[in-house]
Structures are given as C-alpha cells and as structure tokens.
Amino acid sequence: MNGPPKLARPDLVPDPDRGRETMEAQQRDIASEARFADDFEFDPATIIDGPLATPDEDPPLVAGIDQAFLDDRVISAIVVSRGGEVVERVYAVTDLSIPYIPGLLAFREGGPILDAVAELTSTPDLFVFDGSGRIHFREAGIATHMGVVLDVPSVGVAKSLLCGTPTRSVEGLAAGERVPIESDEDVTATAGERIGYAVQTRQYDSPNRHINPLYVSPGHRVGAATAADLVLALADGYKLPEPTRRADAYADEAKSLVDD
DNA sequence: GCGACAG
DNA sequence: ATCTTGTCGC
C-alpha cells in the first residue's frame, strides 16, 4: 500500500509525436542520466523465484512487465511477485500512436507502460522489462528509459541482440553460462564497454538442437554482471525469467478479456 | 543504394 | 509483436 513509484523525471517521459531527431536526442539525455552500476536497497543474493530455502526469508518485490497487442491498442501488464508468490497484477489499455521502429521502442510502448505503472498499489524493488536496456544504439533501451523516468532499479531482457558484439560464440552455451556483450561501432558514445550479457537460463541435453540465449542488460541502477545474476536467479526451468512469463500470460489473459 | 536492427 | 496445429526429438 505504498503506491506506485512517482515520475522522477516527467520531462523525460517518451513522447511519440516529436520526430526522430528529438527522440534520439532525448535518448542521449536518458543515457547520461542512467547509472549502469548497482545502486539499490535490496540484497541481490536474496532474489529468488520459487520455493524458499528457509521459511523466514523475505525476498524483494519484483515486477515483470510485458505487452500484448490488439489492433492499434496495447495491453500493458505488470505482475508483481515476492519469492515466486504473486502480490499484485495490473494492466492498462492504451491507444498506440507510432509503429515499431528499431531503436525507438520506448516511444511506442513507454507511455503505455507508465499507464500500467500508475495502477500499482505496491512499490516493486526491481523492474524486469521485455527488451533491451543498455544494449542499445544510444544506450537508452526501453528498460533504461523507464528506469530513469521512474528512478527505479531495472533490467532489460531481450530474446535477440539489437546491437553490440559477444566476446565469443554464444551457440550452445550450457544453462547458467553467460558471455559478455561489448559495445561496438553501432553503439555510439562508448567503445569496448561491457553493456550486457548473453545469458543461458536453459539448455537442452541433446547435442542436436539448442536454445538461444537471452540478452540481458542493465536498465538503471543495476550493473551488467548483477543484471545477469538476477535474471538467472529469477529463471525457473524456462528460458524466460518467471516475472516475465507471468506478465506475458497476464497480458494475454487481459487481451482476451478486453477483446471485442 | 545496401545493410540491419528489441517488440 | 501477431497469425496458429501439429510435430520432431528426448
């Protein structure tokens, strides 16, 4: 009952109708305001999503955010859980204004996400977004943009790599393994920085087929290594971390509920 | 002009 | 992202 996080930077809320140059300029501002290093209250070692080892544990509140689409409307769902137990679920239906443009995702889905955040009655300790954070052309992916606007710890979890270069092959990694992603020529403002990790949360036993890794990057107030640790701790037998899976399922549920 | 890119 | 059943492999 603490209420949703306030808009720490209302001036940086993504505005869809402003033109590419302006949007990119704002992303540079976002990147300069972002902190890609650990700066949060909870103990990362207590993060878990599943049966608690000891009954007296009190894991942090983690919010998973995902969206589902219905014509030109988007359903933004947020599921907040603590140690695997769902604490709250909220969603918002918002009209979409611009199409998906690689690099400008936050301007399409950011506003809708903030609409859902406003519905929260709890205050999550960590936000897990669907998409990149620092792994972005201007180091301002949607996880970073939302993290800075709300000034909350956040991480980005993407299913494919937007930009940056893995330091080695990411094919067929074993579950639990990770490979650093470094900034390259596609990432302006930095060079050779460790902007995220390819994280293998799950893998098949057979040599035939293999699962691709997740691409995890810092959103805001979380370092790259910690972001990878957190995602591994939040995964439970599936490729996607549990908070994301719950938000995904809830978004679909709300979608069919809203559908007409 | 070509390439190439989260959701 | 979304349209969608079965089906390959352990």
# chains A, B, ... in the order shown; residues from 1 in each chain; ligands from 1

call {"tool": "interface_residues", "arguments": {"of": "chain C", "to": "chain A", "cutoff": "12 Å", "atoms": "only C-alpha atoms (C1' of nucleotides)", "output": "list in words"}}
result
DA1, DT2, DC8, DG9 and DC10 of chain C

call {"tool": "write_last_selection", "arguments": {"atoms": "C-alpha atoms (C1' of nucleotides)", "output": "compact mmCIF listing (two decimals), in the first residue's frame"}}
result
# COMPACT_ATOMS: atom_id res chain seq x y z
C1' DA C 1 4.56 -8.28 -31.70
C1' DT C 2 0.83 -11.37 -34.31
C1' DC C 8 10.24 -33.52 -34.22
C1' DG C 9 13.19 -35.33 -30.58
C1' DC C 10 14.46 -36.71 -25.84

call {"tool": "interface_residues", "arguments": {"of": "chain B", "to": "chain A", "cutoff": "9 Å", "atoms": "only C-alpha atoms (C1' of nucleotides)", "output": "PyMOL selection string"}}
result
chain B and resi 5-7

call {"tool": "residues_around", "arguments": {"residues": "Phe40 (chain A)", "least_positions_apart": "5", "cutoff": "10 Å", "atoms": "only C-alpha atoms (C1' of nucleotides)", "output": "list in words"}}
result
Asp125, Leu126, Val152, Pro153, Ser154, His220, Arg221 and Val222 of chain A

call {"tool": "select_by_dssp", "arguments": {"residues": "region 46-200 of chain A", "states": "alpha helix (DSSP H)", "output": "PyMOL selection string"}}
result
chain A and resi 105-117+142-150

call {"tool": "atom_distance", "arguments": {"atom1": "CA of Glu139 (chain A)", "atom2": "CA of Pro10 (chain A)"}}
result
19.7 Å

call {"tool": "residues_around", "arguments": {"residues": "region 79-85 of chain A", "least_positions_apart": "4", "cutoff": "7 Å", "atoms": "only C-alpha atoms (C1' of nucleotides)", "output": "list in words"}}
result
Ile48, Asp49, Gly50, Leu52, Pro59, Pro60, Leu61, Val62, Ala63, Gly64, Ile65, Arg89, Val90, Pro124, Pro243, Arg246 and Ala247 of chain A

call {"tool": "atom_distance", "arguments": {"atom1": "CA of Val87 (chain A)", "atom2": "CA of Ser122 (chain A)"}}
result
8.3 Å

call {"tool": "atom_distance", "arguments": {"atom1": "CA of Val179 (chain A)", "atom2": "CA of Ser217 (chain A)"}}
result
11.8 Å

call {"tool": "select_by_dssp", "arguments": {"residues": "region 13-234 of chain A", "states": "strand (DSSP E or B)", "output": "PyMOL selection string"}}
result
chain A and resi 61-70+73-82+85-95+126-130+154-158+165-166+178-182+194-199+214-220
